[in-house]
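Participant: Pasting input24.csv below, which is CSV, C-alpha atoms and all ligand atoms.
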```
chain,number,residue,atom,x,y,z
A,698,MET,CA,165.1,191.1,65.6
A,699,SER,CA,168.3,191.4,63.6
A,700,THR,CA,168.2,191.3,59.9
A,701,ILE,CA,171.9,191.4,59.4
A,702,PRO,CA,172.8,189.0,56.5
A,703,ASP,CA,175.2,186.1,57.0
A,704,ILE,CA,178.4,188.0,56.8
A,705,ILE,CA,181.8,187.7,58.2
A,706,ILE,CA,182.9,190.3,60.7
A,707,ALA,CA,186.7,190.6,61.2
A,708,VAL,CA,187.9,192.2,64.4
A,709,ASP,CA,191.6,193.0,64.6
A,710,GLY,CA,193.7,195.1,66.8
A,711,TYR,CA,196.4,195.4,69.5
A,712,SER,CA,196.6,193.1,72.5
A,713,SER,CA,194.2,193.7,75.4
A,714,THR,CA,192.0,196.1,73.5
A,715,GLY,CA,189.0,194.0,74.5
A,716,LYS,CA,188.5,192.4,71.1
A,717,SER,CA,187.2,189.1,72.5
A,718,THR,CA,184.8,190.7,75.0
A,719,PHE,CA,183.4,193.0,72.2
A,720,ALA,CA,183.2,190.2,69.6
A,721,LYS,CA,181.5,187.8,72.1
A,722,LEU,CA,178.9,190.4,72.9
A,723,ILE,CA,178.2,191.2,69.2
A,724,ALA,CA,178.0,187.4,68.5
A,725,LYS,CA,175.4,187.0,71.2
A,726,GLU,CA,173.4,190.1,70.3
A,727,PHE,CA,173.2,189.2,66.6
A,728,SER,CA,173.4,185.4,66.7
A,729,PHE,CA,176.8,185.0,65.1
A,730,LEU,CA,179.4,182.3,65.7
A,731,TYR,CA,182.3,183.7,67.7
A,732,LEU,CA,185.8,182.5,66.9
A,733,ASP,CA,188.9,183.6,68.8
A,734,SER,CA,191.9,183.1,66.5
A,735,GLY,CA,194.3,184.1,69.2
A,736,ALA,CA,193.0,181.2,71.3
A,737,MET,CA,194.3,178.9,68.6
A,738,TYR,CA,197.8,180.4,68.7
A,739,ARG,CA,197.6,180.1,72.5
A,740,GLY,CA,196.5,176.4,72.2
A,741,VAL,CA,199.5,175.6,70.0
A,742,THR,CA,201.8,177.4,72.5
A,743,LEU,CA,200.3,175.4,75.4
A,744,ALA,CA,200.7,172.1,73.5
A,745,GLY,CA,204.4,173.1,72.9
A,746,ILE,CA,205.0,173.9,76.5
A,747,GLU,CA,203.4,170.6,77.6
A,748,ALA,CA,205.4,168.6,75.1
A,749,GLY,CA,208.6,170.2,76.6
A,750,LEU,CA,209.4,172.0,73.3
A,751,ILE,CA,209.1,175.5,74.8
A,752,ALA,CA,211.0,176.4,78.0
A,753,GLU,CA,213.5,178.9,79.4
A,754,GLY,CA,213.1,181.4,76.7
A,755,LYS,CA,213.6,178.8,73.9
A,756,ILE,CA,211.3,177.3,71.3
A,757,ASP,CA,212.2,174.2,69.4
A,758,GLU,CA,210.5,175.4,66.2
A,759,GLU,CA,211.2,172.3,64.2
A,760,LYS,CA,209.8,169.9,66.7
A,761,LEU,CA,206.8,172.2,67.4
A,762,VAL,CA,205.9,172.2,63.7
A,763,GLY,CA,206.3,168.5,63.8
A,764,ILE,CA,203.5,168.0,66.3
A,765,LEU,CA,201.0,170.2,64.4
A,766,ASP,CA,199.6,167.4,62.3
A,767,GLY,CA,198.5,165.3,65.3
A,768,LEU,CA,197.2,168.3,67.2
A,769,ASP,CA,193.5,168.1,67.7
A,770,LEU,CA,192.7,171.8,68.6
A,771,HIS,CA,189.1,172.6,68.0
A,772,PHE,CA,186.3,174.9,69.1
A,773,ARG,CA,183.1,173.7,70.8
A,774,GLN,CA,179.9,175.7,71.5
A,775,GLU,CA,179.0,175.5,75.1
A,776,GLU,CA,176.8,177.6,77.4
A,777,GLY,CA,176.3,180.2,74.7
A,778,THR,CA,180.0,180.7,74.1
A,779,THR,CA,182.9,179.1,72.1
A,780,LEU,CA,185.5,177.2,74.0
A,781,LEU,CA,188.8,175.8,72.8
A,782,TYR,CA,189.5,172.1,73.3
A,783,LEU,CA,192.7,170.1,72.9
A,784,GLY,CA,191.3,166.6,72.3
A,785,GLU,CA,188.7,166.1,75.0
A,786,ARG,CA,190.2,168.7,77.4
A,787,CYS,CA,188.9,172.2,77.6
A,788,ILE,CA,192.0,174.5,77.7
A,789,GLU,CA,190.4,177.9,78.0
A,790,ARG,CA,191.8,178.5,81.4
A,791,GLU,CA,195.4,177.3,80.7
A,792,ILE,CA,195.8,179.3,77.5
A,793,ARG,CA,195.1,182.6,79.3
A,794,GLY,CA,197.9,182.1,81.8
A,795,TRP,CA,201.1,184.0,82.1
A,796,ASP,CA,203.3,181.2,80.8
A,797,VAL,CA,201.5,180.9,77.5
A,798,SER,CA,201.2,184.7,77.1
A,799,GLN,CA,205.0,185.0,77.3
A,800,TYR,CA,205.6,182.7,74.4
A,801,VAL,CA,202.6,183.0,72.1
A,802,SER,CA,203.9,185.9,70.1
A,803,PRO,CA,207.0,184.2,68.8
A,804,VAL,CA,205.0,181.0,68.3
A,805,SER,CA,202.5,182.8,66.2
A,806,ALA,CA,205.3,184.2,64.0
A,807,ILE,CA,206.2,180.7,62.8
A,808,PRO,CA,204.8,180.4,59.2
A,809,LEU,CA,203.7,176.8,59.5
A,810,VAL,CA,201.9,177.5,62.7
A,811,ARG,CA,200.1,180.3,60.9
A,812,ASN,CA,199.1,177.9,58.1
A,813,TYR,CA,197.8,175.3,60.6
A,814,VAL,CA,195.7,178.0,62.4
A,815,ASP,CA,194.4,179.6,59.2
A,816,GLU,CA,193.3,176.2,58.0
A,817,ARG,CA,191.5,175.4,61.2
A,818,LEU,CA,189.8,178.9,61.2
A,819,HIS,CA,188.5,178.4,57.7
A,820,SER,CA,187.2,175.0,58.5
A,821,PHE,CA,185.3,176.3,61.5
A,822,SER,CA,183.9,179.2,59.6
A,823,GLU,CA,182.4,177.2,56.8
A,824,GLY,CA,178.7,178.0,57.6
A,825,GLY,CA,179.3,181.8,57.5
A,826,ARG,CA,177.8,184.2,59.9
A,827,VAL,CA,181.0,184.4,61.9
A,828,ILE,CA,182.6,187.1,64.0
A,829,MET,CA,186.3,186.4,64.5
A,830,ASP,CA,188.9,188.4,66.4
A,831,GLY,CA,192.7,188.4,66.0
A,832,ARG,CA,195.5,190.3,64.3
A,833,ASP,CA,195.2,189.5,60.6
A,834,ILE,CA,191.6,188.4,60.1
A,835,GLY,CA,190.7,191.4,57.9
A,836,THR,CA,194.0,191.4,56.0
A,837,THR,CA,194.9,187.7,55.6
A,838,VAL,CA,192.4,185.2,56.9
A,839,PHE,CA,189.3,186.8,55.5
A,840,PRO,CA,190.4,189.7,53.3
A,841,ASN,CA,186.9,189.8,51.8
A,842,ALA,CA,185.1,190.1,55.2
A,843,GLU,CA,182.1,192.3,54.7
A,844,VAL,CA,182.8,194.3,57.9
A,845,LYS,CA,186.2,194.9,59.4
A,846,ILE,CA,186.9,196.6,62.7
A,847,PHE,CA,190.3,197.7,64.0
A,848,MET,CA,190.5,198.1,67.7
A,849,THR,CA,193.0,200.2,69.6
A,850,ALA,CA,193.4,201.9,73.0
A,851,ASP,CA,196.1,203.7,75.1
A,852,PRO,CA,198.8,201.1,76.1
A,853,ASN,CA,198.6,202.1,79.8
A,854,VAL,CA,194.8,201.6,79.9
A,855,ARG,CA,195.2,198.2,78.1
A,856,ALA,CA,197.9,197.1,80.6
A,857,GLN,CA,195.8,198.1,83.5
A,858,ARG,CA,192.8,196.1,82.1
A,859,ARG,CA,195.0,193.0,81.5
A,860,TYR,CA,196.7,193.3,84.9
A,861,ASP,CA,193.3,193.4,86.7
A,862,GLU,CA,192.2,190.3,84.8
A,863,LEU,CA,195.4,188.4,85.7
A,864,VAL,CA,195.2,189.4,89.4
A,865,ALA,CA,191.5,188.4,89.5
A,866,LYS,CA,192.6,185.0,88.3
A,867,GLY,CA,195.2,184.7,91.0
A,868,GLU,CA,198.3,185.3,88.9
A,869,THR,CA,201.3,187.0,90.5
A,870,THR,CA,202.7,189.8,88.3
A,871,THR,CA,203.2,193.5,88.3
A,872,LEU,CA,201.6,196.3,86.2
A,873,GLU,CA,205.1,197.1,84.8
A,874,GLU,CA,205.7,193.5,83.8
A,875,VAL,CA,202.3,193.4,82.1
A,876,LEU,CA,202.9,196.7,80.3
A,877,GLU,CA,206.3,195.5,79.1
A,878,ASN,CA,204.8,192.2,77.8
A,879,LEU,CA,202.1,194.2,76.0
A,880,ARG,CA,204.5,196.5,74.3
A,881,ASP,CA,206.7,193.6,73.3
A,882,ARG,CA,203.7,191.8,71.8
A,883,ASP,CA,202.5,194.9,70.0
A,884,TYR,CA,206.0,195.3,68.5
A,885,ARG,CA,206.4,191.6,67.6
A,886,ASP,CA,202.9,191.3,66.2
A,887,SER,CA,203.2,194.4,63.9
A,888,HIS,CA,206.8,193.7,62.8
A,889,ARG,CA,206.9,190.0,62.0
A,890,GLU,CA,207.4,188.9,58.4
A,891,VAL,CA,204.3,186.8,58.0
A,892,SER,CA,200.9,188.4,58.3
A,893,PRO,CA,201.9,191.3,60.6
A,894,LEU,CA,199.2,193.2,62.5
A,895,ARG,CA,198.1,196.1,60.5
A,896,GLN,CA,194.9,198.0,59.9
A,897,ALA,CA,193.1,196.9,56.7
A,898,ASP,CA,192.5,199.8,54.3
A,899,ASP,CA,188.7,199.2,54.6
A,900,ALA,CA,188.6,198.7,58.4
A,901,PHE,CA,186.6,201.0,60.7
A,902,VAL,CA,188.8,202.1,63.6
A,903,MET,CA,187.5,201.9,67.2
A,904,ASP,CA,189.7,203.6,69.9
A,905,ASN,CA,188.0,202.4,73.1
A,906,THR,CA,190.4,204.1,75.6
A,907,HIS,CA,187.4,206.0,77.0
A,908,MET,CA,184.6,203.8,75.9
A,909,THR,CA,182.4,201.5,78.0
A,910,LEU,CA,181.3,198.2,76.6
A,911,HIS,CA,177.8,199.6,76.1
A,912,GLU,CA,179.2,202.4,74.0
A,913,GLU,CA,181.1,199.9,71.9
A,914,VAL,CA,177.9,198.0,71.1
A,915,VAL,CA,176.0,201.2,70.3
A,916,TRP,CA,178.9,202.2,68.0
A,917,MET,CA,178.7,198.8,66.3
A,918,LEU,CA,175.0,199.1,65.9
A,919,GLY,CA,175.3,202.4,64.2
A,920,LEU,CA,177.9,201.0,61.9
A,921,LEU,CA,175.8,198.0,60.9
A,922,GLN,CA,172.7,200.2,60.4
A,923,GLY,CA,174.7,202.6,58.2
A,924,ARG,CA,176.2,199.7,56.3
A,925,PHE,CA,173.2,197.5,55.8
A,926,GLY,CA,170.3,199.8,56.7
A,927,LEU,CA,168.4,196.7,57.7
A,928,LEU,CA,168.1,196.6,61.5
A,929,GLU,CA,164.7,197.0,63.0
A,930,THR,CA,165.0,199.5,65.8
A,931,PRO,CA,162.7,198.5,68.7
A,932,GLY,CA,159.8,201.0,69.0
A,933,LEU,CA,160.6,202.6,65.6
A,934,SER,CA,159.4,199.8,63.3
A,935,CYS,CA,156.6,201.8,61.6
A,1001,LIG,O1,194.4,188.0,71.1
A,1001,LIG,P1,195.4,187.2,71.9
A,1001,LIG,O2,196.2,188.1,72.8
A,1001,LIG,O3,194.8,186.0,72.6
A,1001,LIG,O4,196.5,186.6,70.8
A,1001,LIG,C1,197.6,185.9,71.3
A,1001,LIG,C2,198.8,186.0,70.3
A,1001,LIG,O5,198.4,185.4,69.1
A,1001,LIG,C3,199.1,187.5,70.0
A,1001,LIG,O6,200.4,187.8,70.6
A,1001,LIG,C4,199.3,187.5,68.5
A,1001,LIG,C5,198.9,186.2,68.0
A,1001,LIG,N1,197.8,186.3,67.0
A,1001,LIG,C6,198.1,186.4,65.7
A,1001,LIG,O7,199.3,186.5,65.4
A,1001,LIG,N2,197.2,186.4,64.7
A,1001,LIG,C7,195.9,186.3,65.1
A,1001,LIG,N3,195.0,186.3,64.1
A,1001,LIG,C8,195.5,186.2,66.4
A,1001,LIG,C9,196.5,186.2,67.4
```
Translate this structure into structure tokens?
Ligand code: DC
Facilitator:
Amino acid sequence: MSTIPDIIIAVDGYSSTGKSTFAKLIAKEFSFLYLDSGAMYRGVTLAGIEAGLIAEGKIDEEKLVGILDGLDLHFRQEEGTTLLYLGERCIEREIRGWDVSQYVSPVSAIPLVRNYVDERLHSFSEGGRVIMDGRDIGTTVFPNAEVKIFMTADPNVRAQRRYDELVAKGETTTLEEVLENLRDRDYRDSHREVSPLRQADDAFVMDNTHMTLHEEVVWMLGLLQGRFGLLETPGLSC
């Protein structure tokens, strides 16, 4: 029923604002390919940890950059969603763990890691009709994206959401620890030299502190209708 053209939708914003959940839902609703750019940075981090190049607060940047060429990180479409694979192994679960979360921000600040990820993202987006979430999609990866969303929410609400997710997965942590990690990532992501997190000038801001997922989708629908004026509204087609 959607008549949205084959555009690129960029969804950027702070950690744990629900970008992936939102983007996945929009992808499903309007038949877009969903790509999670943060998953790629997490995949590189996981590979570094498994290769023994990241441990005890230290990252061997030179060696990490050295393994990128042989790193087969790719997305696969399965069961109506997009999953990240390292070679033949699905790593969706491992990349969301606490270990990876602790190191992913400094790893994503390494310029050659960013080049590697950007290249992979472009290659997976070749057919168009993509919704991608991250930190620099609307500013660097796809500066010409037709629709740009910038998501934000109160840090305490974000920390609680993330904490609940981690606990549900059986991870042992505290709300304070999660809030600290989140603030640290916000700071690092928006202050790094290469491609820092910032709102694109032409982005629409969504503060979802008090929004339900349903309200987010309705918000997006309104935006797309306003922007393209093309959607058929069920029951109102005449
Ligand atoms: O969205 P996420 O929490 O899974 O992202 C993990 C990390 O990757 C985050 O700390 C910032 C980084 N990232 C980035 O620098 N640029 C992107 N486009 C996406 C994520």
Participant: For the atom pair CA of Phe729 in chain A and CA of Asn841 in chain A, what is the interatomic distance in Å to one decimal place?
Facilitator: 17.4 Å
Participant: Would you pick out the contacts of Ile706 in chain A at 6 Å or less, using all atoms listed in the file, so that residues sharing its chain but fewer than 2 positions from it are not included, and give the list as a tab-separated table (two decimals) with C-alpha atoms, keeping the file's coordinate frame?
Facilitator:
```tsv
chain	number	residue	atom	x	y	z
A	828	ILE	CA	182.60	187.10	64.00
A	842	ALA	CA	185.10	190.10	55.20
A	844	VAL	CA	182.80	194.30	57.90
A	845	LYS	CA	186.20	194.90	59.40
```
Participant: Find, counting all atoms listed in the file, the residue in A:Ser887, A:Asn812, A:Asn905, A:Asn878 that gets nearest to Ser798 in chain A.
Facilitator: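 Closest to Ser798 in chain A of all the choices is A:Asn878.
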Participant: Show me which residues sit within 6 Å of ligand LIG 1001 (chain A) when counting all atoms listed in the file, and put them as a list in words.
Facilitator: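 Sorted by chain and then by number, the residues are Ser712, Ser734, Gly735, Ala736, Tyr738, Arg739, Val801, Ser802, Ser805, Gly831, Arg832, Asp833, Ile834, Arg882 and Asp886 of chain A.
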Participant: Using all atoms listed in the file for the distances, tell me which of A:Val838, A:Ala900, A:Leu780, A:Leu879 is nearest to Arg858 in chain A.
Facilitator: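 Ranking A:Val838, A:Ala900, A:Leu780, A:Leu879 by distance to Arg858 in chain A, first place goes to A:Leu879.
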Participant: Return range 811-836 of chain A, completed with N, CA and C atoms, as a PDB file, keeping the file's coordinate frame.
Facilitator:
```pdb
ATOM      1  N   ARG A 811     201.122 179.395  61.473  1.00  0.00           N
ATOM      2  CA  ARG A 811     200.100 180.300  60.900  1.00  0.00           C
ATOM      3  C   ARG A 811     199.240 179.494  59.884  1.00  0.00           C
ATOM      4  N   ASN A 812     199.901 178.674  59.064  1.00  0.00           N
ATOM      5  CA  ASN A 812     199.100 177.900  58.100  1.00  0.00           C
ATOM      6  C   ASN A 812     198.162 176.948  58.793  1.00  0.00           C
ATOM      7  N   TYR A 813     198.663 176.291  59.843  1.00  0.00           N
ATOM      8  CA  TYR A 813     197.800 175.300  60.600  1.00  0.00           C
ATOM      9  C   TYR A 813     196.601 176.069  61.157  1.00  0.00           C
ATOM     10  N   VAL A 814     196.845 177.212  61.802  1.00  0.00           N
ATOM     11  CA  VAL A 814     195.700 178.000  62.400  1.00  0.00           C
ATOM     12  C   VAL A 814     194.755 178.474  61.369  1.00  0.00           C
ATOM     13  N   ASP A 815     195.281 179.028  60.281  1.00  0.00           N
ATOM     14  CA  ASP A 815     194.400 179.600  59.200  1.00  0.00           C
ATOM     15  C   ASP A 815     193.479 178.472  58.679  1.00  0.00           C
ATOM     16  N   GLU A 816     194.060 177.307  58.487  1.00  0.00           N
ATOM     17  CA  GLU A 816     193.300 176.200  58.000  1.00  0.00           C
ATOM     18  C   GLU A 816     192.142 175.816  58.938  1.00  0.00           C
ATOM     19  N   ARG A 817     192.481 175.752  60.228  1.00  0.00           N
ATOM     20  CA  ARG A 817     191.500 175.400  61.200  1.00  0.00           C
ATOM     21  C   ARG A 817     190.370 176.511  61.256  1.00  0.00           C
ATOM     22  N   LEU A 818     190.788 177.770  61.175  1.00  0.00           N
ATOM     23  CA  LEU A 818     189.800 178.900  61.200  1.00  0.00           C
ATOM     24  C   LEU A 818     188.848 178.811  60.059  1.00  0.00           C
ATOM     25  N   HIS A 819     189.384 178.529  58.882  1.00  0.00           N
ATOM     26  CA  HIS A 819     188.500 178.400  57.700  1.00  0.00           C
ATOM     27  C   HIS A 819     187.548 177.276  57.844  1.00  0.00           C
ATOM     28  N   SER A 820     188.057 176.170  58.370  1.00  0.00           N
ATOM     29  CA  SER A 820     187.200 175.000  58.500  1.00  0.00           C
ATOM     30  C   SER A 820     186.048 175.266  59.490  1.00  0.00           C
ATOM     31  N   PHE A 821     186.348 175.979  60.559  1.00  0.00           N
ATOM     32  CA  PHE A 821     185.300 176.300  61.500  1.00  0.00           C
ATOM     33  C   PHE A 821     184.332 177.355  61.087  1.00  0.00           C
ATOM     34  N   SER A 822     184.711 178.116  60.066  1.00  0.00           N
ATOM     35  CA  SER A 822     183.900 179.200  59.600  1.00  0.00           C
ATOM     36  C   SER A 822     182.995 178.859  58.428  1.00  0.00           C
ATOM     37  N   GLU A 823     183.013 177.598  58.055  1.00  0.00           N
ATOM     38  CA  GLU A 823     182.400 177.200  56.800  1.00  0.00           C
ATOM     39  C   GLU A 823     180.932 177.646  56.628  1.00  0.00           C
ATOM     40  N   GLY A 824     180.144 177.607  57.688  1.00  0.00           N
ATOM     41  CA  GLY A 824     178.700 178.000  57.600  1.00  0.00           C
ATOM     42  C   GLY A 824     178.513 179.486  57.379  1.00  0.00           C
ATOM     43  N   GLY A 825     179.519 180.328  57.538  1.00  0.00           N
ATOM     44  CA  GLY A 825     179.300 181.800  57.500  1.00  0.00           C
ATOM     45  C   GLY A 825     178.773 182.322  58.775  1.00  0.00           C
ATOM     46  N   ARG A 826     178.309 183.564  58.751  1.00  0.00           N
ATOM     47  CA  ARG A 826     177.800 184.200  59.900  1.00  0.00           C
ATOM     48  C   ARG A 826     178.695 184.106  61.143  1.00  0.00           C
ATOM     49  N   VAL A 827     179.899 184.610  60.935  1.00  0.00           N
ATOM     50  CA  VAL A 827     181.000 184.400  61.900  1.00  0.00           C
ATOM     51  C   VAL A 827     181.533 185.796  62.303  1.00  0.00           C
ATOM     52  N   ILE A 828     181.828 185.966  63.579  1.00  0.00           N
ATOM     53  CA  ILE A 828     182.600 187.100  64.000  1.00  0.00           C
ATOM     54  C   ILE A 828     183.902 186.543  64.596  1.00  0.00           C
ATOM     55  N   MET A 829     185.037 186.963  64.062  1.00  0.00           N
ATOM     56  CA  MET A 829     186.300 186.400  64.500  1.00  0.00           C
ATOM     57  C   MET A 829     187.263 187.515  64.869  1.00  0.00           C
ATOM     58  N   ASP A 830     187.962 187.323  65.973  1.00  0.00           N
ATOM     59  CA  ASP A 830     188.900 188.400  66.400  1.00  0.00           C
ATOM     60  C   ASP A 830     190.348 187.842  66.306  1.00  0.00           C
ATOM     61  N   GLY A 831     191.276 188.799  66.079  1.00  0.00           N
ATOM     62  CA  GLY A 831     192.700 188.400  66.000  1.00  0.00           C
ATOM     63  C   GLY A 831     193.565 189.579  65.565  1.00  0.00           C
ATOM     64  N   ARG A 832     194.562 189.280  64.738  1.00  0.00           N
ATOM     65  CA  ARG A 832     195.500 190.300  64.300  1.00  0.00           C
ATOM     66  C   ARG A 832     195.496 190.496  62.777  1.00  0.00           C
ATOM     67  N   ASP A 833     195.136 189.425  62.068  1.00  0.00           N
ATOM     68  CA  ASP A 833     195.200 189.500  60.600  1.00  0.00           C
ATOM     69  C   ASP A 833     193.969 188.935  59.947  1.00  0.00           C
ATOM     70  N   ILE A 834     192.844 189.030  60.650  1.00  0.00           N
ATOM     71  CA  ILE A 834     191.600 188.400  60.100  1.00  0.00           C
ATOM     72  C   ILE A 834     191.155 189.242  58.881  1.00  0.00           C
ATOM     73  N   GLY A 835     191.135 190.565  59.008  1.00  0.00           N
ATOM     74  CA  GLY A 835     190.700 191.400  57.900  1.00  0.00           C
ATOM     75  C   GLY A 835     191.709 191.540  56.776  1.00  0.00           C
ATOM     76  N   THR A 836     192.961 191.227  57.073  1.00  0.00           N
ATOM     77  CA  THR A 836     194.000 191.400  56.000  1.00  0.00           C
ATOM     78  C   THR A 836     194.376 190.085  55.364  1.00  0.00           C
TER      79      THR A 836
END
```
